[in-house]
Structures are given as structure tokens and as C-alpha cells.
$ cat my_file.cif   # mmCIF, C-alpha atoms and all ligand atoms
data_upload
loop_
_atom_site.group_PDB
_atom_site.id
_atom_site.type_symbol
_atom_site.label_atom_id
_atom_site.label_comp_id
_atom_site.auth_asym_id
_atom_site.auth_seq_id
_atom_site.Cartn_x
_atom_site.Cartn_y
_atom_site.Cartn_z
ATOM 1 C CA MET B 3 -2.001 -89.460 30.027
ATOM 2 C CA LYS B 4 -1.849 -91.336 26.758
ATOM 3 C CA ALA B 5 0.154 -94.593 26.524
ATOM 4 C CA ALA B 6 2.316 -93.089 23.742
ATOM 5 C CA ASP B 7 3.318 -90.162 25.984
ATOM 6 C CA LYS B 8 4.173 -92.500 28.853
ATOM 7 C CA GLN B 9 6.256 -94.615 26.476
ATOM 8 C CA LEU B 10 8.123 -91.538 25.243
ATOM 9 C CA ILE B 11 8.957 -90.383 28.780
ATOM 10 C CA TYR B 12 10.035 -93.910 29.717
ATOM 11 C CA THR B 13 12.347 -94.140 26.722
ATOM 12 C CA LEU B 14 13.905 -90.753 27.467
ATOM 13 C CA LEU B 15 14.520 -91.689 31.096
ATOM 14 C CA LYS B 16 15.910 -95.080 30.101
ATOM 15 C CA THR B 17 18.331 -93.452 27.669
ATOM 16 C CA ALA B 18 19.455 -90.995 30.326
ATOM 17 C CA ASP B 19 19.776 -93.817 32.847
ATOM 18 C CA ALA B 20 21.842 -95.912 30.442
ATOM 19 C CA TYR B 21 24.067 -92.945 29.673
ATOM 20 C CA GLU B 22 24.702 -92.294 33.365
ATOM 21 C CA CYS B 23 24.931 -95.871 34.660
ATOM 22 C CA GLY B 24 26.092 -97.880 31.668
ATOM 23 C CA TYR B 25 23.365 -100.484 31.854
ATOM 24 C CA THR B 26 19.774 -100.792 30.750
ATOM 25 C CA ARG B 27 16.702 -101.668 32.735
ATOM 26 C CA GLU B 28 16.187 -104.794 30.592
ATOM 27 C CA LYS B 29 18.826 -106.450 32.753
ATOM 28 C CA PHE B 30 16.504 -106.237 35.733
ATOM 29 C CA ALA B 31 12.965 -106.100 34.526
ATOM 30 C CA ALA B 32 10.771 -106.788 31.569
ATOM 31 C CA GLU B 33 9.796 -103.782 29.504
ATOM 32 C CA PRO B 34 6.639 -102.244 30.941
ATOM 33 C CA VAL B 35 3.446 -102.025 28.904
ATOM 34 C CA PHE B 36 1.750 -98.637 29.040
ATOM 35 C CA THR B 37 -1.958 -98.004 28.736
ATOM 36 C CA ASP B 38 -4.002 -94.822 28.356
ATOM 37 C CA ASP B 39 -5.295 -93.337 31.628
ATOM 38 C CA ALA B 40 -9.082 -93.187 31.987
ATOM 39 C CA GLU B 41 -10.440 -89.951 30.489
ATOM 40 C CA THR B 42 -10.842 -87.306 33.166
ATOM 41 C CA PRO B 43 -13.633 -84.846 32.488
ATOM 42 C CA GLN B 44 -12.367 -81.410 31.446
ATOM 43 C CA GLN B 45 -12.710 -78.981 34.288
ATOM 44 C CA GLU B 46 -15.459 -76.520 33.502
ATOM 45 C CA MET B 47 -14.664 -72.834 33.351
ATOM 46 C CA THR B 48 -16.315 -71.331 36.372
ATOM 47 C CA VAL B 49 -17.800 -67.890 36.084
ATOM 48 C CA GLU B 50 -18.461 -66.270 39.396
ATOM 49 C CA PRO B 51 -22.235 -65.916 39.757
ATOM 50 C CA ILE B 52 -23.398 -62.348 39.970
ATOM 51 C CA PRO B 53 -26.184 -62.127 42.513
ATOM 52 C CA THR B 54 -29.114 -59.962 41.525
ATOM 53 C CA MET B 55 -31.989 -58.647 43.606
ATOM 54 C CA THR B 56 -34.374 -60.721 41.539
ATOM 55 C CA ASP B 57 -32.446 -63.806 42.650
ATOM 56 C CA SER B 58 -33.160 -63.511 46.334
ATOM 57 C CA SER B 59 -31.462 -66.773 47.298
ATOM 58 C CA ALA B 60 -28.212 -65.635 45.691
ATOM 59 C CA ASN B 61 -28.378 -62.466 47.713
ATOM 60 C CA ALA B 62 -29.398 -64.108 50.903
ATOM 61 C CA ASN B 63 -26.348 -66.314 50.554
ATOM 62 C CA SER B 64 -23.939 -63.676 49.295
ATOM 63 C CA GLY B 65 -22.829 -63.230 52.906
ATOM 64 C CA LEU B 66 -20.386 -60.509 51.956
ATOM 65 C CA THR B 67 -19.545 -57.457 53.987
ATOM 66 C CA ILE B 68 -19.493 -54.165 52.135
ATOM 67 C CA GLU B 69 -15.684 -54.168 52.341
ATOM 68 C CA GLU B 70 -15.504 -57.649 50.802
ATOM 69 C CA LEU B 71 -17.881 -56.664 48.022
ATOM 70 C CA ASN B 72 -15.982 -53.447 47.349
ATOM 71 C CA ALA B 73 -12.728 -55.408 47.206
ATOM 72 C CA LYS B 74 -14.300 -57.483 44.405
ATOM 73 C CA ILE B 75 -15.495 -54.344 42.644
ATOM 74 C CA LEU B 76 -11.924 -52.995 42.743
ATOM 75 C CA ARG B 77 -10.786 -55.993 40.650
ATOM 76 C CA CYS B 78 -13.589 -55.763 38.086
ATOM 77 C CA THR B 79 -12.867 -56.033 34.359
ATOM 78 C CA ARG B 80 -16.433 -56.699 33.188
ATOM 79 C CA CYS B 81 -16.559 -53.801 30.722
ATOM 80 C CA GLY B 82 -14.326 -51.558 28.631
ATOM 81 C CA LEU B 83 -14.202 -48.834 31.287
ATOM 82 C CA ALA B 84 -11.651 -51.024 33.098
ATOM 83 C CA ARG B 85 -9.134 -50.172 30.362
ATOM 84 C CA THR B 86 -9.384 -46.388 30.691
ATOM 85 C CA ARG B 87 -9.935 -45.880 34.418
ATOM 86 C CA ASN B 88 -7.250 -44.787 36.850
ATOM 87 C CA ASN B 89 -9.137 -46.043 39.897
ATOM 88 C CA VAL B 90 -12.328 -47.956 40.538
ATOM 89 C CA VAL B 91 -14.791 -46.023 42.701
ATOM 90 C CA PRO B 92 -16.903 -48.562 44.622
ATOM 91 C CA GLY B 93 -18.496 -46.069 47.014
ATOM 92 C CA MET B 94 -18.061 -44.654 50.492
ATOM 93 C CA GLY B 95 -20.024 -44.013 53.634
ATOM 94 C CA VAL B 96 -21.271 -45.709 56.758
ATOM 95 C CA GLN B 97 -22.131 -49.413 56.976
ATOM 96 C CA THR B 98 -25.708 -48.967 58.197
ATOM 97 C CA PRO B 99 -26.823 -45.857 56.338
ATOM 98 C CA ASP B 100 -30.207 -44.212 56.603
ATOM 99 C CA VAL B 101 -29.813 -43.101 53.006
ATOM 100 C CA LEU B 102 -28.059 -44.426 49.931
ATOM 101 C CA VAL B 103 -27.239 -41.661 47.460
ATOM 102 C CA ILE B 104 -26.761 -42.876 43.901
ATOM 103 C CA GLY B 105 -24.977 -40.903 41.220
ATOM 104 C CA GLU B 106 -24.220 -41.684 37.635
ATOM 105 C CA GLY B 107 -20.522 -42.487 37.507
ATOM 106 C CA PRO B 108 -17.152 -41.121 38.594
ATOM 107 C CA GLY B 109 -15.762 -37.989 36.965
ATOM 108 C CA HIS B 110 -12.125 -36.899 36.717
ATOM 109 C CA ASP B 111 -11.578 -36.122 40.413
ATOM 110 C CA GLU B 112 -13.326 -39.295 41.557
ATOM 111 C CA ASP B 113 -11.291 -41.375 39.078
ATOM 112 C CA MET B 114 -8.065 -39.867 40.402
ATOM 113 C CA GLN B 115 -8.970 -40.380 44.075
ATOM 114 C CA GLY B 116 -11.042 -43.576 43.952
ATOM 115 C CA LEU B 117 -13.811 -41.853 45.925
ATOM 116 C CA PRO B 118 -17.307 -40.801 44.850
ATOM 117 C CA PHE B 119 -18.462 -37.198 44.540
ATOM 118 C CA VAL B 120 -15.248 -35.451 45.567
ATOM 119 C CA GLY B 121 -15.112 -32.811 42.812
ATOM 120 C CA LYS B 122 -17.175 -29.635 42.447
ATOM 121 C CA ALA B 123 -20.429 -31.580 42.138
ATOM 122 C CA GLY B 124 -19.453 -33.542 45.238
ATOM 123 C CA ILE B 125 -18.920 -30.401 47.295
ATOM 124 C CA LEU B 126 -22.391 -29.225 46.291
ATOM 125 C CA LEU B 127 -23.843 -32.682 47.000
ATOM 126 C CA ASP B 128 -22.367 -32.617 50.515
ATOM 127 C CA ARG B 129 -23.981 -29.204 51.093
ATOM 128 C CA MET B 130 -27.359 -30.435 49.808
ATOM 129 C CA LEU B 131 -27.179 -33.474 52.086
ATOM 130 C CA ALA B 132 -26.054 -31.408 55.083
ATOM 131 C CA ALA B 133 -29.107 -29.169 54.602
ATOM 132 C CA ILE B 134 -31.317 -32.142 55.479
ATOM 133 C CA GLY B 135 -29.096 -33.622 58.181
ATOM 134 C CA LEU B 136 -27.299 -36.160 56.010
ATOM 135 C CA ASP B 137 -23.578 -36.769 55.893
ATOM 136 C CA ARG B 138 -21.461 -39.506 54.294
ATOM 137 C CA LYS B 139 -19.508 -39.754 57.568
ATOM 138 C CA THR B 140 -22.509 -40.416 59.815
ATOM 139 C CA ASN B 141 -25.676 -41.629 58.090
ATOM 140 C CA CYS B 142 -25.225 -41.966 54.315
ATOM 141 C CA TYR B 143 -23.555 -44.138 51.750
ATOM 142 C CA ILE B 144 -22.663 -42.762 48.329
ATOM 143 C CA ALA B 145 -22.335 -44.962 45.257
ATOM 144 C CA ASN B 146 -22.762 -44.736 41.508
ATOM 145 C CA ILE B 147 -24.471 -46.678 38.743
ATOM 146 C CA VAL B 148 -21.065 -47.370 37.155
ATOM 147 C CA LYS B 149 -17.962 -47.663 39.286
ATOM 148 C CA CYS B 150 -15.432 -46.548 36.666
ATOM 149 C CA ARG B 151 -15.165 -43.223 34.867
ATOM 150 C CA PRO B 152 -16.640 -43.039 31.375
ATOM 151 C CA PRO B 153 -14.038 -41.289 29.177
ATOM 152 C CA GLU B 154 -14.586 -37.541 28.650
ATOM 153 C CA ASN B 155 -17.416 -37.713 31.216
ATOM 154 C CA ARG B 156 -19.826 -39.129 28.639
ATOM 155 C CA ASN B 157 -22.929 -40.904 29.928
ATOM 156 C CA PRO B 158 -22.294 -44.546 30.823
ATOM 157 C CA LEU B 159 -23.482 -46.775 27.958
ATOM 158 C CA PRO B 160 -26.344 -49.218 28.580
ATOM 159 C CA ASP B 161 -23.907 -52.164 28.379
ATOM 160 C CA GLU B 162 -21.602 -50.563 30.930
ATOM 161 C CA GLN B 163 -24.531 -49.868 33.263
ATOM 162 C CA SER B 164 -25.765 -53.440 32.955
ATOM 163 C CA ALA B 165 -22.305 -54.932 33.522
ATOM 164 C CA CYS B 166 -21.988 -52.940 36.745
ATOM 165 C CA PHE B 167 -25.534 -53.047 38.064
ATOM 166 C CA SER B 168 -25.342 -56.239 40.081
ATOM 167 C CA PHE B 169 -22.634 -54.584 42.182
ATOM 168 C CA LEU B 170 -25.055 -51.813 43.112
ATOM 169 C CA GLU B 171 -27.839 -54.319 43.732
ATOM 170 C CA THR B 172 -25.584 -56.212 46.102
ATOM 171 C CA GLN B 173 -24.469 -52.997 47.787
ATOM 172 C CA ILE B 174 -28.129 -52.167 48.425
ATOM 173 C CA HIS B 175 -28.760 -55.672 49.718
ATOM 174 C CA ILE B 176 -25.857 -55.417 52.171
ATOM 175 C CA LEU B 177 -26.361 -51.803 53.256
ATOM 176 C CA LYS B 178 -30.167 -51.990 53.571
ATOM 177 C CA PRO B 179 -30.714 -48.218 53.392
ATOM 178 C CA LYS B 180 -34.050 -46.869 54.609
ATOM 179 C CA MET B 181 -34.302 -44.595 51.592
ATOM 180 C CA ILE B 182 -32.528 -44.002 48.289
ATOM 181 C CA LEU B 183 -31.846 -40.611 46.711
ATOM 182 C CA CYS B 184 -31.074 -40.775 42.993
ATOM 183 C CA MET B 185 -29.087 -37.901 41.580
ATOM 184 C CA GLY B 186 -30.280 -37.382 38.012
ATOM 185 C CA LYS B 187 -31.922 -39.290 35.222
ATOM 186 C CA ILE B 188 -29.411 -42.099 34.682
ATOM 187 C CA ALA B 189 -29.545 -43.209 38.315
ATOM 188 C CA ILE B 190 -33.335 -43.211 38.638
ATOM 189 C CA GLU B 191 -33.898 -44.865 35.259
ATOM 190 C CA LYS B 192 -31.525 -47.718 36.065
ATOM 191 C CA ILE B 193 -32.914 -48.215 39.564
ATOM 192 C CA THR B 194 -36.559 -48.245 38.472
ATOM 193 C CA GLY B 195 -36.086 -49.773 35.024
ATOM 194 C CA GLN B 196 -38.422 -47.055 33.736
ATOM 195 C CA SER B 197 -37.988 -44.172 31.349
ATOM 196 C CA ILE B 198 -38.207 -41.034 33.466
ATOM 197 C CA SER B 199 -38.342 -37.298 32.769
ATOM 198 C CA ILE B 200 -36.358 -35.670 35.544
ATOM 199 C CA ASN B 201 -37.987 -32.293 34.880
ATOM 200 C CA ALA B 202 -41.451 -33.780 35.249
ATOM 201 C CA GLN B 203 -40.806 -36.445 37.873
ATOM 202 C CA HIS B 204 -38.148 -35.084 40.246
ATOM 203 C CA GLY B 205 -39.470 -35.226 43.798
ATOM 204 C CA GLU B 206 -41.796 -38.184 43.126
ATOM 205 C CA PHE B 207 -41.453 -41.339 45.159
ATOM 206 C CA PHE B 208 -40.712 -44.672 43.495
ATOM 207 C CA ASP B 209 -40.121 -48.090 45.019
ATOM 208 C CA TYR B 210 -37.079 -50.327 44.889
ATOM 209 C CA ASN B 211 -37.800 -53.661 46.561
ATOM 210 C CA GLY B 212 -39.713 -51.942 49.348
ATOM 211 C CA ILE B 213 -37.276 -49.030 49.721
ATOM 212 C CA PRO B 214 -38.643 -45.552 48.909
ATOM 213 C CA VAL B 215 -36.625 -43.925 46.122
ATOM 214 C CA MET B 216 -36.701 -40.298 45.041
ATOM 215 C CA PRO B 217 -35.010 -38.732 42.026
ATOM 216 C CA THR B 218 -33.794 -35.166 42.135
ATOM 217 C CA TYR B 219 -31.548 -33.039 39.989
ATOM 218 C CA HIS B 220 -27.919 -34.082 39.733
ATOM 219 C CA PRO B 221 -25.637 -31.513 41.434
ATOM 220 C CA SER B 222 -23.815 -31.000 38.111
ATOM 221 C CA ALA B 223 -27.138 -29.858 36.628
ATOM 222 C CA LEU B 224 -27.534 -27.398 39.515
ATOM 223 C CA LEU B 225 -24.031 -26.055 38.848
ATOM 224 C CA ARG B 226 -24.993 -25.480 35.213
ATOM 225 C CA ASN B 227 -28.416 -23.994 35.967
ATOM 226 C CA GLU B 228 -28.931 -22.095 39.235
ATOM 227 C CA GLN B 229 -32.688 -22.030 38.678
ATOM 228 C CA LEU B 230 -32.916 -25.725 39.424
ATOM 229 C CA LYS B 231 -31.725 -25.185 42.999
ATOM 230 C CA ARG B 232 -35.172 -24.157 44.272
ATOM 231 C CA PRO B 233 -37.023 -27.253 42.970
ATOM 232 C CA ALA B 234 -34.142 -29.465 44.170
ATOM 233 C CA TRP B 235 -34.492 -27.946 47.630
ATOM 234 C CA GLU B 236 -38.242 -28.671 47.615
ATOM 235 C CA ASP B 237 -37.416 -32.302 46.714
ATOM 236 C CA LEU B 238 -34.944 -32.569 49.562
ATOM 237 C CA LYS B 239 -37.484 -31.269 52.073
ATOM 238 C CA LEU B 240 -39.993 -33.927 50.967
ATOM 239 C CA PHE B 241 -37.284 -36.565 51.156
ATOM 240 C CA LYS B 242 -36.343 -35.510 54.690
ATOM 241 C CA LYS B 243 -39.993 -35.524 55.787
ATOM 242 C CA ARG B 244 -40.384 -39.126 54.633
ATOM 243 C CA LEU B 245 -37.135 -40.153 56.304
ATOM 244 C CA ASP B 246 -38.246 -38.575 59.579
ATOM 245 C CA GLU B 247 -41.511 -40.535 59.342
ATOM 246 C CA ILE B 248 -39.588 -43.768 58.814
ATOM 247 C CA ASN B 249 -37.199 -42.995 61.666
ATOM 248 C CA ASN B 250 -40.022 -42.076 64.052
ATOM 249 C CA ASN B 251 -42.025 -45.231 63.436
HETATM 250 N N1 LIG Q 1 -20.962 -37.398 39.347
HETATM 251 C C1 LIG Q 1 -21.501 -38.590 39.648
HETATM 252 O O1 LIG Q 1 -22.565 -38.939 39.171
HETATM 253 N N2 LIG Q 1 -20.850 -39.363 40.499
HETATM 254 C C2 LIG Q 1 -19.696 -39.019 41.068
HETATM 255 O O2 LIG Q 1 -19.149 -39.800 41.851
HETATM 256 C C3 LIG Q 1 -19.167 -37.763 40.743
HETATM 257 C C4 LIG Q 1 -19.809 -36.971 39.879
#
$ encode --input "my_file.cif" --output "C-alpha cells" --more "lines below"
Ligand code: URA
Amino acid sequence: MKAADKQLIYTLLKTADAYECGYTREKFAAEPVFTDDAETPQQEMTVEPIPTMTDSSANANSGLTIEELNAKILRCTRCGLARTRNNVVPGMGVQTPDVLVIGEGPGHDEDMQGLPFVGKAGILLDRMLAAIGLDRKTNCYIANIVKCRPPENRNPLPDEQSACFSFLETQIHILKPKMILCMGKIAIEKITGQSISINAQHGEFFDYNGIPVMPTYHPSALLRNEQLKRPAWEDLKLFKKRLDEINNN
């Protein structure tokens, strides 16, 4: 505190004291001399570090459970989607999943319920997964590239995807899925960092830090175009074959 401020407070207190007690401190003590306090360094604004998979030490030390991470995600205000969402949709599933399924972002039903893939596309997704022995209640985790609904179901913007991506990276780090299934172009492009044609490259295997990743058609695309169901089914069979190999090794 500055000497001038201390002096001001002292004078105010002395006046109040004199008013109450009818005497002044001068009767008992010499007037004090005030000096400036030593400068204390301004506390730095701390920004919570966002661990990324490229920063392995940050991840190794993140030490979070999936519930703790998801609790952080629920409080996120990193991008503009925080202003229009009803609920954040961190993800759902088992804690040690065989498979992580990644979608694009919550739609209307997901935004209202705070859960991923619970609308029409979600019902179809659950049927696709069940066809290859996968279920969010027993061996899968379902998450999205962005955790909040883009208004009018538009594609999440690159900035929104980037703001959210470290959450997904950390989810992958914690969950350690054996395989990843990307539903649609946005999910596979963000996970691989490559430009990908879903028509040409669905059913191919990619790598994410040692985890096999396959893109297939998004269930919403299958709802719009029945003809895509056959190739999606072929993708799922290949995916299941690889998972069986991993599980049997
Ligand atoms: N579409 C997605 O990509 N994710 C959801 O959670 C729901 C629909």
C-alpha cells in the first residue's frame, strides 16, 4: 500500500476516534510516519493448460478420470457455441471401451438431453454398432468433435473444432480405446489432420497415435441416402474383423 493511502486511512480513523472519545492520539503518541510497502509482483493470469496428444508429458500428468474431464467440459466457454447451447454433450459409454465412436457434433436432441447420438441418427448408429457386437452400455464410448450444438445443425467451424479438440484428445488418452470409428468426413479429417474424401476413403484404415481408425458414412448420410447402407455395412465388417484380431492377440 502507498504511504499516502495509509496516511488517509489513519486520518479518517483518528477523526472517528476523536469524535467518539473526545481526545486525539497526539496525547499519547507521536504521529506515525508512513512509508510505501515494497512492490509486490502482480499475480499473473493463469490459463489452464490444455493437454494435447503431441505434448505427451502433459497427458501423462493429466491424471484425470473421464468423469473429471467431462465435468471440465461441462463448464467450457472456449468458443461461441457456449452461448447458444442448451447442454454440453461430453460423451457417454464405458470407461474401458474397445471402440471409441466419434461423431461431428450434437444435434437438437443431443443438445436437449446432454447425451450423444440420441436422435434418429443415434438410433441408427446403435443398430449399426449392434450389428457388429458393439454397444455404448458394454464396450463403446461415443463422443463428438465438438461438444456443443452448432446452431441450425451447421458444420462446426474450424475454430470451434480446434477450441474443442484437446478435450477429445484427452478423452482418447484416458479411455485408451483399441480402435476408433469415425462417423463422417468432419470426424476423420480432424482426427487425421488430412483432407479426406469419404466416398473414396470410407473403410480405409488410418492411424491415430498407434490406434487404428476407420472412417465410414455418418448415420445421417445413411438416413438421407439408403444406397450408402451397403458400403457402410462392408466397412463395419472390416472394422469388426480388425477388432477381433486385436482382441484375440
Ligand atoms: N450427429 C453427430 O455427429 N453427433 C451426435 O451426437 C448426434 C448427431
$ atom_distance --input "my_file.cif" --atom1 "CA of Glu206 (chain B)" --atom2 "CA of Met94 (chain B)"
25.7 Å
$ resolve_selection --input "my_file.cif" --expression "the PyMOL selection byres (((not hetatm)) within 6 of (chain Q and resi 1))" --output "VMD selection string"
chain B and resid 105 to 109 112 118 to 119 123 146
$ closest_residue --input "my_file.cif" --among "B:Thr67, B:Ser199, B:Ser222, B:Gln163" --to "Leu83 (chain B)" --atoms "all atoms listed in the file"
B:Gln163
$ closest_residue --input "my_file.cif" --among "B:Asn141, B:Ser64, B:Ile147, B:Leu131" --to "Gly93 (chain B)" --atoms "all atoms listed in the file"
B:Ile147
$ closest_residue --input "my_file.cif" --among "B:Cys166, B:Val215, B:Met181, B:Ile104" --to "Asp246 (chain B)" --atoms "only C-alpha atoms"
B:Met181
$ atom_distance --input "my_file.cif" --atom1 "CA of Asn155 (chain B)" --atom2 "CA of Ala223 (chain B)"
13.6 Å
$ residues_around --input "my_file.cif" --residues "Cys150 (chain B)" --least-positions-apart "6" --cutoff "10 Å" --atoms "only C-alpha atoms" --output "ChimeraX atom specification"
/B:75-76,78,81-92,107-109,112-113,116,158,162,166
$ closest_residue --input "my_file.cif" --among "B:Asp100, B:Asp161, B:Glu191, B:Asp38" --to "Asp137 (chain B)" --atoms "all atoms listed in the file"
B:Asp100
$ resolve_selection --input "my_file.cif" --expression "the PyMOL selection byres (((chain B and resi 221) around 10) and not hetatm)" --output "list in words"
Gly105, Phe119, Lys122, Ala123, Gly124, Ile125, Leu126, Leu127, Asp128, Met130, Met185, Gly186, Thr218, Tyr219, His220, Ser222, Ala223, Leu224, Leu225, Arg226, Asn227, Leu230, Lys231 and Ala234 of chain B
$ write_last_selection --input "my_file.cif" --atoms "C-alpha atoms" --output "PDB file, keeping the file's coordinate frame"
ATOM      1  CA  GLY B 105     -24.977 -40.903  41.220  1.00  0.00           C
ATOM      2  CA  PHE B 119     -18.462 -37.198  44.540  1.00  0.00           C
ATOM      3  CA  LYS B 122     -17.175 -29.635  42.447  1.00  0.00           C
ATOM      4  CA  ALA B 123     -20.429 -31.580  42.138  1.00  0.00           C
ATOM      5  CA  GLY B 124     -19.453 -33.542  45.238  1.00  0.00           C
ATOM      6  CA  ILE B 125     -18.920 -30.401  47.295  1.00  0.00           C
ATOM      7  CA  LEU B 126     -22.391 -29.225  46.291  1.00  0.00           C
ATOM      8  CA  LEU B 127     -23.843 -32.682  47.000  1.00  0.00           C
ATOM      9  CA  ASP B 128     -22.367 -32.617  50.515  1.00  0.00           C
ATOM     10  CA  MET B 130     -27.359 -30.435  49.808  1.00  0.00           C
ATOM     11  CA  MET B 185     -29.087 -37.901  41.580  1.00  0.00           C
ATOM     12  CA  GLY B 186     -30.280 -37.382  38.012  1.00  0.00           C
ATOM     13  CA  THR B 218     -33.794 -35.166  42.135  1.00  0.00           C
ATOM     14  CA  TYR B 219     -31.548 -33.039  39.989  1.00  0.00           C
ATOM     15  CA  HIS B 220     -27.919 -34.082  39.733  1.00  0.00           C
ATOM     16  CA  SER B 222     -23.815 -31.000  38.111  1.00  0.00           C
ATOM     17  CA  ALA B 223     -27.138 -29.858  36.628  1.00  0.00           C
ATOM     18  CA  LEU B 224     -27.534 -27.398  39.515  1.00  0.00           C
ATOM     19  CA  LEU B 225     -24.031 -26.055  38.848  1.00  0.00           C
ATOM     20  CA  ARG B 226     -24.993 -25.480  35.213  1.00  0.00           C
ATOM     21  CA  ASN B 227     -28.416 -23.994  35.967  1.00  0.00           C
ATOM     22  CA  LEU B 230     -32.916 -25.725  39.424  1.00  0.00           C
ATOM     23  CA  LYS B 231     -31.725 -25.185  42.999  1.00  0.00           C
ATOM     24  CA  ALA B 234     -34.142 -29.465  44.170  1.00  0.00           C
TER      25      ALA B 234
END
$ closest_residue --input "my_file.cif" --among "B:Lys180, B:His175, B:Arg156, B:Lys74" --to "Val103 (chain B)" --atoms "all atoms listed in the file"
B:Lys180
$ resolve_selection --input "my_file.cif" --expression "the PyMOL selection byres (((chain B and resi 210) around 12) and not hetatm)" --output "list in words"
Met55, Thr56, Leu102, Glu171, Ile174, His175, Lys178, Pro179, Lys180, Met181, Ile182, Leu183, Cys184, Ile190, Glu191, Lys192, Ile193, Thr194, Gly195, Gln196, Phe207, Phe208, Asp209, Asn211, Gly212, Ile213, Pro214, Val215 and Met216 of chain B
$ closest_residue --input "my_file.cif" --among "B:Glu236, B:Glu154, B:Leu136, B:Ala145" --to "Phe167 (chain B)" --atoms "all atoms listed in the file"
B:Ala145
$ atom_distance --input "my_file.cif" --atom1 "CA of Leu71 (chain B)" --atom2 "CA of Lys149 (chain B)"
12.5 Å
$ axis_aligned_box --input "my_file.cif" --around "region 236-244 of chain B" --padding-each-side "4 Å" --output "lines of an AutoDock Vina configuration file"
center_x = -37.7
center_y = -33.9
center_z = 51.3
size_x = 13.4
size_y = 18.5
size_z = 17.1
